[in-house]
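Peer 1: Supplied in structure tokens, the structure appears directly below.
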Amino acid sequence: MGWANAARARAALLDGGTGVVWDGTAAPEQLARIYRRRLRLTRRTGQETAGLEHALDRLAGHRLPVRLGQVTSADGGWTYLLFLSQDARTLLACTGVRGRG
């Protein structure tokens with residue numbers, strides 16, 4: 001999946017979506033544990049995701065604290081989670097989940 005989700009998140013912002021980067025950071029292994037559970041849940045419920053496995057692989061190889069951001073498309077159809085470097089200057093991974101509705 002590569003960086004396709006990052007391009008989709010950017011397009012969602014340019015199309016009137018909303019975005020936020022939260023204060024604070026978390027350990028990559030803590031985030032990987034949380035999002036592994038979410039991956040299992042989305043598979044069980046059939047909710048469409050994009051790039052979540054790739055994001056987990058990227059987190060597994062990262063050793064420094066990670067900051068989170070989120071972009072939601074204007075129609076609410078997709079929400080993208082951004083995994084960022086501690087200073088929020090570098091995108092480590094981006095995953096998308098289709099909204100329920």
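Naming scheme: A, B, ... for chains in displayed order of the structure tokens; residues 1 onward per chain; ligands 1 onward as shown.
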Quick one: DSSP strand (DSSP E) residues in chain A, as a ChimeraX atom specification?

Peer 2: /A:18-21,49-50,66-72,78-85,91-98

Peer 1: Please return as a count of residues only: the residues of chain A that backbone DSSP assigns to helix (DSSP H, G or I).

Peer 2: 38

Peer 1: Give me the residues within 9 Å of Leu31 in chain A as an MDAnalysis selection string, counting only C-alpha atoms and dropping any in the same chain fewer than 6 places off.

Peer 2: chainID A and resid 56 59 66

Peer 1: Write out, as a compact mmCIF listing (two decimals), in the first residue's frame, the residues just selected, with N, CA and C atoms.

Peer 2:
# COMPACT_ATOMS: atom_id res chain seq x y z
N LEU A 56 1.52 -1.19 10.88
CA LEU A 56 2.04 -2.03 11.98
C LEU A 56 3.49 -2.44 11.72
N LEU A 59 5.66 0.60 12.49
CA LEU A 59 5.77 0.82 13.93
C LEU A 59 6.73 -0.18 14.56
N VAL A 66 6.14 8.17 19.19
CA VAL A 66 5.34 8.46 18.01
C VAL A 66 4.19 9.40 18.41

Peer 1: So which one's closest to Ile34 in chain A, A:Ala12, A:Ala88, A:Leu52, A:Val20? Using only C-alpha atoms, please.

Peer 2: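 Checking each of A:Ala12, A:Ala88, A:Leu52, A:Val20 against Ile34 in chain A, counting only C-alpha atoms, the winner is A:Leu52.
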
Peer 1: Give the answer as one residue: which of A:Gln86, A:Thr42, A:Thr72, A:Thr95 has the shortest atom-to-atom distance to Pro28 in chain A, using only C-alpha atoms?

Peer 2: A:Gln86

Peer 1: Taking only C-alpha atoms into account, name the residue in A:Thr25, A:Gln47, A:Thr18, A:Asn5 that is nearest to Val71 in chain A.

Peer 2: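 Distance minimum relative to Val71 in chain A lands on A:Thr18.
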
Peer 1: With only C-alpha atoms as the atoms that count, which of A:Asp23, A:Glu53, A:Glu48, A:Glu29 lies nearest to Gly77 in chain A?

Peer 2: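 Using only C-alpha atoms, Gly77 in chain A sits closest to A:Glu48.
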
Peer 1: Compile the contact shell of Ala6 in chain A as a PyMOL selection string: residues with an atom at most 12 Å away, counting only C-alpha atoms, same-chain residues fewer than 4 positions apart removed.

Peer 2: chain A and resi 1-2+10-13+50-51+55+69-71+79-84+90-96
